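Enquirer: structure_20.txt (compact mmCIF, C-alpha atoms) pasted underneath:
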# COMPACT_ATOMS: atom_id res chain seq x y z
CA MET N 1 -5.02 24.02 -16.66
CA VAL N 2 -5.27 21.61 -13.74
CA ARG N 3 -7.25 24.19 -11.82
CA THR N 4 -9.67 24.60 -14.74
CA LEU N 5 -10.15 20.85 -14.99
CA LEU N 6 -10.66 20.47 -11.24
CA VAL N 7 -13.28 23.22 -11.07
CA ARG N 8 -14.98 21.70 -14.11
CA GLY N 9 -15.01 18.29 -12.43
CA LEU N 10 -16.47 19.64 -9.19
CA LEU N 11 -19.23 21.62 -10.92
CA VAL N 12 -20.12 18.98 -13.50
CA GLY N 13 -20.14 16.43 -10.67
CA LEU N 14 -22.59 18.52 -8.69
CA LEU N 15 -24.84 18.90 -11.73
CA ALA N 16 -24.66 15.22 -12.71
CA GLY N 17 -25.35 14.37 -9.07
CA PHE N 18 -28.56 16.38 -9.16
CA VAL N 19 -29.58 14.74 -12.46
CA ALA N 20 -28.96 11.30 -10.93
CA GLY N 21 -30.85 12.43 -7.83
CA GLY N 22 -33.82 13.31 -10.03
CA PHE N 23 -33.74 9.86 -11.60
CA ALA N 24 -33.43 8.23 -8.18
CA PHE N 25 -36.30 10.31 -6.83
CA VAL N 26 -38.67 9.29 -9.64
CA PHE N 27 -37.62 5.67 -10.20
CA GLY N 28 -36.05 4.66 -6.88
CA GLU N 29 -37.99 6.33 -4.09
CA PRO N 30 -41.24 4.37 -4.66
CA HIS N 31 -39.32 1.10 -4.12
CA LEU N 32 -37.58 2.55 -1.08
CA ASP N 33 -40.92 3.56 0.43
CA ALA N 34 -42.40 0.14 -0.32
CA ALA N 35 -39.44 -1.60 1.36
CA ILE N 36 -39.69 0.64 4.43
CA ALA N 37 -43.43 -0.05 4.68
CA LEU N 38 -42.71 -3.79 4.59
CA GLU N 39 -39.96 -3.44 7.15
CA GLU N 40 -42.20 -1.60 9.57
CA GLY N 41 -45.18 -3.84 8.97
CA ALA N 42 -43.14 -7.00 9.40
CA ALA N 43 -41.12 -6.18 12.49
CA PRO N 44 -42.10 -3.10 14.48
CA ALA N 45 -40.53 -4.67 17.56
CA ALA N 46 -37.23 -5.22 15.76
CA ALA N 47 -37.27 -1.62 14.57
CA HIS N 48 -37.45 -0.54 18.20
CA ALA N 49 -34.66 -2.87 19.21
CA HIS N 50 -32.29 -1.31 16.66
CA ASP N 51 -33.51 2.17 17.45
CA HIS N 52 -30.17 3.88 16.99
CA ASP N 53 -28.62 2.32 13.93
CA HIS N 54 -31.72 1.45 11.96
CA ASP N 55 -34.38 4.12 11.84
CA HIS N 56 -36.96 4.68 9.15
CA GLY N 57 -40.37 6.14 8.64
CA ASP N 58 -42.11 7.16 11.83
CA GLU N 59 -39.14 5.92 13.86
CA ALA N 60 -36.61 8.02 11.97
CA ALA N 61 -35.17 11.04 13.71
CA LEU N 62 -35.40 13.13 10.55
CA GLY N 63 -38.54 11.80 8.91
CA ARG N 64 -39.05 10.64 5.34
CA PRO N 65 -39.54 14.08 3.71
CA VAL N 66 -36.18 15.25 5.03
CA GLN N 67 -34.57 12.00 3.93
CA LYS N 68 -35.97 12.51 0.43
CA ALA N 69 -34.49 16.00 0.31
CA GLY N 70 -31.29 14.45 1.68
CA LEU N 71 -31.24 12.23 -1.41
CA PHE N 72 -30.34 15.26 -3.55
CA LEU N 73 -27.81 16.47 -1.01
CA ALA N 74 -26.22 13.01 -1.02
CA THR N 75 -26.09 12.58 -4.80
CA GLY N 76 -24.90 16.19 -5.25
CA LEU N 77 -22.06 15.88 -2.74
CA TYR N 78 -21.22 12.43 -4.09
CA GLY N 79 -20.94 14.03 -7.52
CA VAL N 80 -18.65 16.77 -6.22
CA ALA N 81 -16.30 14.27 -4.56
CA VAL N 82 -16.27 11.85 -7.50
CA GLY N 83 -16.06 14.66 -10.06
CA GLY N 84 -13.01 16.18 -8.39
CA VAL N 85 -11.13 12.90 -8.31
CA PHE N 86 -12.17 12.18 -11.90
CA ALA N 87 -10.86 15.57 -13.05
CA LEU N 88 -7.42 14.95 -11.53
CA VAL N 89 -7.19 11.47 -13.02
CA PHE N 90 -8.32 12.98 -16.33
CA ALA N 91 -5.56 15.60 -16.06
CA GLY N 92 -3.01 12.82 -15.60
CA LEU N 93 -4.34 10.68 -18.46
CA ARG N 94 -4.76 13.54 -20.93
CA GLY N 95 -2.34 13.26 -23.84
CA ARG N 96 -0.85 10.08 -22.34
CA VAL N 97 -3.53 7.39 -22.27
CA GLY N 98 -6.70 6.87 -24.27
CA PRO N 99 -8.35 9.08 -26.90
CA ARG N 100 -6.39 12.18 -27.83
CA SER N 101 -9.43 14.44 -27.79
CA ASP N 102 -10.85 15.78 -24.54
CA GLY N 103 -14.40 14.81 -25.41
CA GLY N 104 -13.42 11.28 -26.37
CA LEU N 105 -11.27 10.85 -23.29
CA ALA N 106 -14.03 12.13 -21.00
CA LEU N 107 -16.54 9.63 -22.40
CA ALA N 108 -14.05 6.75 -22.37
CA ALA N 109 -12.89 7.51 -18.82
CA ALA N 110 -16.44 7.96 -17.47
CA GLY N 111 -17.53 4.68 -19.06
CA THR N 112 -14.48 2.88 -17.71
CA ALA N 113 -15.04 4.36 -14.25
CA PHE N 114 -18.66 3.15 -14.28
CA GLY N 115 -17.45 -0.36 -15.06
CA ALA N 116 -14.60 -0.41 -12.53
CA VAL N 117 -16.12 1.45 -9.60
CA ILE N 118 -19.84 0.67 -9.97
CA LEU N 119 -20.41 -2.48 -12.02
CA VAL N 120 -17.60 -4.60 -10.57
CA PRO N 121 -18.72 -4.12 -6.94
CA PHE N 122 -22.44 -4.18 -7.83
CA LEU N 123 -22.22 -7.63 -9.40
CA LYS N 124 -20.77 -9.03 -6.16
CA TYR N 125 -22.53 -6.86 -3.59
CA PRO N 126 -25.66 -5.43 -5.22
CA ALA N 127 -27.54 -2.53 -3.66
CA ASN N 128 -30.04 -3.47 -0.97
CA PRO N 129 -33.28 -1.73 -0.04
CA PRO N 130 -34.22 -1.16 3.61
CA ALA N 131 -35.23 -4.40 5.36
CA VAL N 132 -32.63 -6.36 3.36
CA GLY N 133 -29.25 -6.79 5.00
CA ASP N 134 -28.33 -7.69 8.57
CA PRO N 135 -27.20 -4.61 10.57
CA ALA N 136 -24.74 -6.89 12.39
CA THR N 137 -22.67 -7.35 9.20
CA ILE N 138 -22.76 -3.75 7.94
CA ASN N 139 -19.10 -3.02 8.71
CA GLN N 140 -17.93 -6.20 7.02
CA ARG N 141 -20.13 -5.55 3.97
CA THR N 142 -18.98 -1.95 3.69
CA LEU N 143 -15.32 -2.95 3.90
CA LEU N 144 -15.75 -5.68 1.28
CA TYR N 145 -17.62 -3.23 -0.96
CA VAL N 146 -14.62 -0.88 -0.80
CA VAL N 147 -12.32 -3.83 -1.49
CA MET N 148 -14.31 -4.60 -4.65
CA ILE N 149 -13.96 -0.97 -5.78
CA LEU N 150 -10.20 -1.18 -5.27
CA VAL N 151 -10.04 -4.50 -7.15
CA GLY N 152 -11.97 -2.91 -10.04
CA LEU N 153 -9.64 0.09 -10.13
CA ALA N 154 -6.45 -1.96 -9.86
CA ALA N 155 -7.63 -4.41 -12.55
CA THR N 156 -8.49 -1.52 -14.87
CA ALA N 157 -5.12 0.14 -14.34
CA ALA N 158 -3.33 -3.16 -14.96
CA ALA N 159 -5.39 -3.79 -18.12
CA VAL N 160 -4.61 -0.33 -19.51
CA ALA N 161 -0.91 -0.68 -18.72
CA THR N 162 -0.87 -4.10 -20.41
CA ALA N 163 -2.69 -2.85 -23.50
CA ARG N 164 -0.06 -0.16 -23.95
CA ARG N 165 2.76 -2.72 -23.98
CA VAL N 166 1.20 -5.10 -26.50
CA THR N 167 2.23 -4.02 -29.99
CA THR N 168 1.13 -7.03 -32.04
CA GLY N 169 -2.20 -5.61 -33.21
CA PRO N 170 -5.59 -4.72 -31.80
CA TRP N 171 -6.82 -8.31 -31.29
CA ALA N 172 -3.83 -9.26 -29.19
CA ARG N 173 -4.07 -6.00 -27.29
CA GLY N 174 -7.78 -6.46 -26.54
CA THR N 175 -7.36 -10.08 -25.51
CA TRP N 176 -4.48 -9.34 -23.15
CA ALA N 177 -6.27 -6.35 -21.65
CA ALA N 178 -9.50 -8.29 -21.12
CA GLY N 179 -7.60 -11.17 -19.53
CA VAL N 180 -5.60 -8.95 -17.19
CA PHE N 181 -8.82 -7.19 -16.17
CA LEU N 182 -10.97 -10.29 -15.74
CA VAL N 183 -8.59 -12.59 -13.84
CA PRO N 184 -8.41 -10.51 -10.61
CA VAL N 185 -12.03 -9.36 -10.89
CA VAL N 186 -13.45 -12.86 -11.36
CA ALA N 187 -11.13 -14.18 -8.63
CA ALA N 188 -12.47 -11.56 -6.22
CA TRP N 189 -16.09 -12.32 -7.21
CA TRP N 190 -15.39 -15.99 -6.58
CA LEU N 191 -13.27 -15.84 -3.41
CA LEU N 192 -14.72 -13.00 -1.33
CA PRO N 193 -17.54 -13.97 1.01
CA GLY N 194 -21.12 -13.44 -0.15
CA PHE N 195 -24.11 -12.41 1.95
CA ASP N 196 -27.55 -13.93 1.76
CA GLU N 197 -29.54 -11.62 3.99
CA VAL N 198 -32.85 -11.23 2.18
CA PRO N 199 -35.57 -11.80 4.78
CA GLU N 200 -38.12 -14.56 4.30
CA GLY N 201 -41.04 -13.36 2.17
CA PHE N 202 -39.42 -10.17 0.86
CA PRO N 203 -40.91 -9.68 -2.64
CA ALA N 204 -38.43 -10.67 -5.34
CA THR N 205 -39.82 -8.13 -7.80
CA LEU N 206 -39.35 -5.30 -5.31
CA LEU N 207 -35.75 -6.36 -4.67
CA TRP N 208 -35.05 -6.61 -8.42
CA GLU N 209 -36.67 -3.28 -9.22
CA PHE N 210 -34.92 -1.52 -6.38
CA ARG N 211 -31.56 -2.86 -7.53
CA LEU N 212 -32.30 -1.87 -11.11
CA SER N 213 -33.22 1.66 -10.05
CA SER N 214 -30.05 1.89 -7.98
CA LEU N 215 -27.87 0.76 -10.89
CA GLY N 216 -29.82 3.14 -13.13
CA THR N 217 -29.05 6.02 -10.77
CA GLN N 218 -25.33 5.35 -11.13
CA LEU N 219 -25.63 4.88 -14.90
CA VAL N 220 -27.43 8.22 -15.22
CA PHE N 221 -24.78 9.88 -13.05
CA TRP N 222 -21.82 8.61 -15.09
CA ALA N 223 -23.51 9.19 -18.44
CA ALA N 224 -24.46 12.75 -17.51
CA PHE N 225 -21.02 13.36 -16.04
CA GLY N 226 -19.12 12.02 -19.05
CA VAL N 227 -21.20 13.89 -21.60
CA LEU N 228 -21.14 17.22 -19.72
CA PHE N 229 -17.45 17.02 -18.84
CA GLY N 230 -16.60 16.06 -22.42
CA ARG N 231 -18.70 18.78 -23.99
CA LEU N 232 -17.30 21.51 -21.78
CA SER N 233 -13.74 20.31 -22.33
CA ASP N 234 -14.14 20.19 -26.09
CA ARG N 235 -15.66 23.65 -26.14
CA ALA N 236 -12.80 25.01 -24.02
CA ALA N 237 -10.25 23.35 -26.33
CA ARG N 238 -11.80 25.02 -29.37
CA ARG N 239 -11.31 28.48 -27.91
CA PRO N 240 -7.95 29.55 -29.38
CA ALA N 241 -6.49 31.48 -26.45
CA VAL N 242 -7.11 28.91 -23.75
CA ALA N 243 -3.90 26.97 -23.46
CA GLY N 244 -2.99 27.30 -19.80
CA MET K 245 -19.50 15.37 -32.81
CA SER K 246 -16.76 15.26 -35.43
CA ASP K 247 -14.14 16.35 -32.92
CA LEU K 248 -14.77 13.19 -30.91
CA THR K 249 -13.10 11.19 -33.63
CA THR K 250 -10.68 13.75 -35.00
CA PRO K 251 -7.59 13.71 -32.83
CA SER K 252 -7.01 17.23 -31.63
CA SER K 253 -3.68 18.31 -30.27
CA VAL K 254 -4.18 17.81 -26.56
CA SER K 255 -0.89 18.13 -24.75
CA SER K 256 -0.08 16.20 -21.60
CA ILE K 257 0.20 18.10 -18.33
CA PRO K 258 3.66 17.64 -16.76
CA PHE K 259 3.45 15.62 -13.54
CA PRO K 260 5.26 18.24 -11.43
CA ARG K 261 2.44 20.66 -12.25
CA LEU K 262 -0.15 18.05 -11.36
CA ARG K 263 1.36 16.92 -8.06
CA PRO K 264 0.39 19.86 -5.79
CA TRP K 265 -3.27 19.37 -6.73
CA LEU K 266 -3.23 15.83 -5.41
CA ALA K 267 -3.53 17.41 -1.94
CA VAL K 268 -7.26 17.86 -2.56
CA VAL K 269 -7.78 14.12 -3.09
CA PRO K 270 -7.90 13.27 0.65
CA LEU K 271 -10.42 16.08 1.13
CA LEU K 272 -12.62 14.70 -1.64
CA LEU K 273 -12.34 11.19 -0.22
CA ILE K 274 -13.41 12.46 3.21
CA VAL K 275 -16.47 14.11 1.65
CA GLY K 276 -17.25 10.84 -0.11
CA TYR K 277 -16.80 8.89 3.11
CA LEU K 278 -19.07 11.24 5.07
CA VAL K 279 -21.78 11.06 2.42
CA LEU K 280 -21.64 7.33 1.77
CA MET K 281 -20.43 5.59 4.90
CA ASP K 282 -20.15 7.65 8.09
CA ASN K 283 -22.33 6.48 10.96
CA GLY K 284 -20.85 8.85 13.52
CA ALA K 285 -17.29 7.56 13.78
CA LEU K 286 -15.72 10.46 11.89
CA SER K 287 -18.43 13.14 11.98
CA GLN K 288 -19.07 12.61 15.72
CA ALA K 289 -22.69 13.41 14.88
CA GLY K 290 -24.14 10.03 15.80
CA PRO K 291 -26.62 8.68 13.24
CA PHE K 292 -27.30 12.16 11.82
CA LEU K 293 -25.40 11.70 8.54
CA HIS K 294 -26.73 8.18 8.17
CA GLU K 295 -30.26 9.54 8.49
CA LEU K 296 -29.72 12.52 6.21
CA MET K 297 -27.87 10.63 3.47
CA HIS K 298 -30.00 7.50 3.95
CA ASP K 299 -31.90 7.47 0.65
CA GLY K 300 -28.83 8.49 -1.31
CA ARG K 301 -26.77 5.66 0.17
CA HIS K 302 -29.39 3.07 -0.74
CA LEU K 303 -29.90 4.37 -4.27
CA LEU K 304 -26.22 4.98 -5.01
CA GLY K 305 -25.74 1.31 -4.17
CA VAL K 306 -23.62 1.53 -1.04
CA PRO K 307 -24.26 -0.86 1.87
CA CYS K 308 -26.37 1.20 4.30
CA HIS K 309 -27.49 -1.11 7.09
Once you've parsed the file, please lay out its structure as structure tokens.

Expert:
Amino acid sequence: MVRTLLVRGLLVGLLAGFVAGGFAFVFGEPHLDAAIALEEGAAPAAAHAHDHDHDHGDEAALGRPVQKAGLFLATGLYGVAVGGVFALVFAGLRGRVGPRSDGGLALAAAGTAFGAVILVPFLKYPANPPAVGDPATINQRTLLYVVMILVGLAATAAAVATARRVTTGPWARGTWAAGVFLVPVVAAWWLLPGFDEVPEGFPATLLWEFRLSSLGTQLVFWAAFGVLFGRLSDRAARRPAVAG
Amino acid sequence: MSDLTTPSSVSSIPFPRLRPWLAVVPLLLIVGYLVLMDNGALSQAGPFLHELMHDGRHLLGVPCH
């Protein structure tokens, strides 16, 4: 059973990763190219100075076509890693927490994961196109991004655990769960350091559209993952002999 | 779609049967790290992974540079 779920998670993750890669290729790559063109037009000297940690376009060791193919490799492998972890969490939740049908649980868990792991960090540290973000702070920003993911996960777990203890009706349960989720999340949004590293003159529309396409890529991934994982699980559950 | 709302009889998986599978979690996290964050520290491949995964990192929303 666990093995079946894990394999399902890995494969569905790969597939959803490719679907999200397709979305990113169509809706995200034009903004990425535009940002790289700006970056190279604005500061060719700076691009040379950072030669080793900051290469794009003509300066890049691999070149843009390879990087665009790498997009699908990245989203596919991301899907495999995320899908495997999701499947094991799903195996633990199944029959214990959330909807009692596999399809319902898959959708609920994928939606919750999108909120906890994507939306919570995104609202504090939104995605940046090339040319935005100071390479000197990349380690700090990466670490804080991971911290926001952990805050989102911990707050979600605490909210679910709280909701299970409240027995005085759905309104009380929802209110307690929302409060337990929001207090640590809002505190982290408020207290953790922010970064204002958009260079002078970078087009606001390009930044907005890039960020939207990045969030859309994740939304497509989690929607595709939840629906596919749920469908396959429900179909497997309907087959009479499959119990183990 | 009706089975989304109709509770079917899903049984929980006993934790002892689940535990051995948790060994794959570190592996999956390493894959995730290599795809999303490695700049040579773990892969020992210099900026290669950064370059290859570059567009994916930006569009998946991870800090890239």

Enquirer: Once you count only C-alpha atoms, which residues of chain N turn out to be within 6 Å of chain K? Could you give them as a PyMOL selection string?

Expert: chain N and resi 67+70-71+74+78+81+94-95+100-101+103-104+127+135+138+142+214

Enquirer: May I ask for the distance between CA of Val120 (chain N) and CA of Val185 (chain N), given in Å to one decimal place?

Expert: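 A separation of 7.3 Å between them.
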
Enquirer: So what do you get for CA of Leu32 (chain N) versus CA of Pro129 (chain N), distance-wise?

Expert: 6.2 Å

Enquirer: Could you please determine the separation between CA of Ala172 (chain N) and CA of Ala106 (chain N) in Å, to one decimal place?

Expert: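 Separation of CA of Ala172 (chain N) and CA of Ala106 (chain N): 25.1 Å.
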
Enquirer: Hey, which of N:Gly79, N:Pro203, N:Pro170, N:Gly216 ends up closest to Phe122 (chain N)? Count all atoms listed in the file.

Expert: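 With all atoms listed in the file as the atom set, the closest residue is N:Gly216.
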
Enquirer: Working from the structure I just supplied, which lacks atoms in region 167-186 of chain N, can you model N, CA and C atoms there and output them as a PDB file, keeping the file's coordinate frame?

Expert:
ATOM      1  N   THR N 167       2.097  -4.748 -28.731  1.00  0.00           N
ATOM      2  CA  THR N 167       2.230  -4.020 -29.990  1.00  0.00           C
ATOM      3  C   THR N 167       1.900  -4.899 -31.192  1.00  0.00           C
ATOM      4  N   THR N 168       1.336  -6.093 -30.932  1.00  0.00           N
ATOM      5  CA  THR N 168       1.130  -7.030 -32.040  1.00  0.00           C
ATOM      6  C   THR N 168      -0.288  -6.961 -32.577  1.00  0.00           C
ATOM      7  N   GLY N 169      -0.889  -5.783 -32.573  1.00  0.00           N
ATOM      8  CA  GLY N 169      -2.200  -5.610 -33.210  1.00  0.00           C
ATOM      9  C   GLY N 169      -3.324  -5.501 -32.198  1.00  0.00           C
ATOM     10  N   PRO N 170      -4.462  -4.997 -32.695  1.00  0.00           N
ATOM     11  CA  PRO N 170      -5.590  -4.720 -31.800  1.00  0.00           C
ATOM     12  C   PRO N 170      -6.217  -5.954 -31.159  1.00  0.00           C
ATOM     13  N   TRP N 171      -6.224  -7.096 -31.885  1.00  0.00           N
ATOM     14  CA  TRP N 171      -6.820  -8.310 -31.290  1.00  0.00           C
ATOM     15  C   TRP N 171      -6.008  -8.780 -30.106  1.00  0.00           C
ATOM     16  N   ALA N 172      -4.698  -8.820 -30.288  1.00  0.00           N
ATOM     17  CA  ALA N 172      -3.830  -9.260 -29.190  1.00  0.00           C
ATOM     18  C   ALA N 172      -3.949  -8.290 -28.014  1.00  0.00           C
ATOM     19  N   ARG N 173      -3.992  -7.006 -28.346  1.00  0.00           N
ATOM     20  CA  ARG N 173      -4.070  -6.000 -27.290  1.00  0.00           C
ATOM     21  C   ARG N 173      -5.366  -6.163 -26.486  1.00  0.00           C
ATOM     22  N   GLY N 174      -6.482  -6.313 -27.211  1.00  0.00           N
ATOM     23  CA  GLY N 174      -7.780  -6.460 -26.540  1.00  0.00           C
ATOM     24  C   GLY N 174      -7.851  -7.721 -25.699  1.00  0.00           C
ATOM     25  N   THR N 175      -7.317  -8.811 -26.242  1.00  0.00           N
ATOM     26  CA  THR N 175      -7.360 -10.080 -25.510  1.00  0.00           C
ATOM     27  C   THR N 175      -6.552 -10.002 -24.232  1.00  0.00           C
ATOM     28  N   TRP N 176      -5.330  -9.469 -24.340  1.00  0.00           N
ATOM     29  CA  TRP N 176      -4.480  -9.340 -23.150  1.00  0.00           C
ATOM     30  C   TRP N 176      -5.134  -8.424 -22.118  1.00  0.00           C
ATOM     31  N   ALA N 177      -5.663  -7.299 -22.584  1.00  0.00           N
ATOM     32  CA  ALA N 177      -6.270  -6.350 -21.650  1.00  0.00           C
ATOM     33  C   ALA N 177      -7.464  -6.971 -20.940  1.00  0.00           C
ATOM     34  N   ALA N 178      -8.319  -7.663 -21.718  1.00  0.00           N
ATOM     35  CA  ALA N 178      -9.500  -8.290 -21.120  1.00  0.00           C
ATOM     36  C   ALA N 178      -9.083  -9.344 -20.095  1.00  0.00           C
ATOM     37  N   GLY N 179      -8.067 -10.121 -20.447  1.00  0.00           N
ATOM     38  CA  GLY N 179      -7.600 -11.170 -19.530  1.00  0.00           C
ATOM     39  C   GLY N 179      -7.050 -10.579 -18.233  1.00  0.00           C
ATOM     40  N   VAL N 180      -6.213  -9.567 -18.378  1.00  0.00           N
ATOM     41  CA  VAL N 180      -5.600  -8.950 -17.190  1.00  0.00           C
ATOM     42  C   VAL N 180      -6.670  -8.288 -16.322  1.00  0.00           C
ATOM     43  N   PHE N 181      -7.729  -7.779 -16.945  1.00  0.00           N
ATOM     44  CA  PHE N 181      -8.820  -7.190 -16.170  1.00  0.00           C
ATOM     45  C   PHE N 181      -9.646  -8.277 -15.481  1.00  0.00           C
ATOM     46  N   LEU N 182      -9.995  -9.321 -16.241  1.00  0.00           N
ATOM     47  CA  LEU N 182     -10.970 -10.290 -15.740  1.00  0.00           C
ATOM     48  C   LEU N 182     -10.406 -11.232 -14.685  1.00  0.00           C
ATOM     49  N   VAL N 183      -9.117 -11.598 -14.786  1.00  0.00           N
ATOM     50  CA  VAL N 183      -8.590 -12.590 -13.840  1.00  0.00           C
ATOM     51  C   VAL N 183      -8.726 -12.112 -12.379  1.00  0.00           C
ATOM     52  N   PRO N 184      -8.232 -10.922 -12.013  1.00  0.00           N
ATOM     53  CA  PRO N 184      -8.410 -10.510 -10.610  1.00  0.00           C
ATOM     54  C   PRO N 184      -9.861 -10.232 -10.243  1.00  0.00           C
ATOM     55  N   VAL N 185     -10.642  -9.699 -11.200  1.00  0.00           N
ATOM     56  CA  VAL N 185     -12.030  -9.360 -10.890  1.00  0.00           C
ATOM     57  C   VAL N 185     -12.847 -10.640 -10.637  1.00  0.00           C
ATOM     58  N   VAL N 186     -12.701 -11.618 -11.539  1.00  0.00           N
ATOM     59  CA  VAL N 186     -13.450 -12.860 -11.360  1.00  0.00           C
ATOM     60  C   VAL N 186     -12.968 -13.591 -10.113  1.00  0.00           C
TER      61      VAL N 186
END
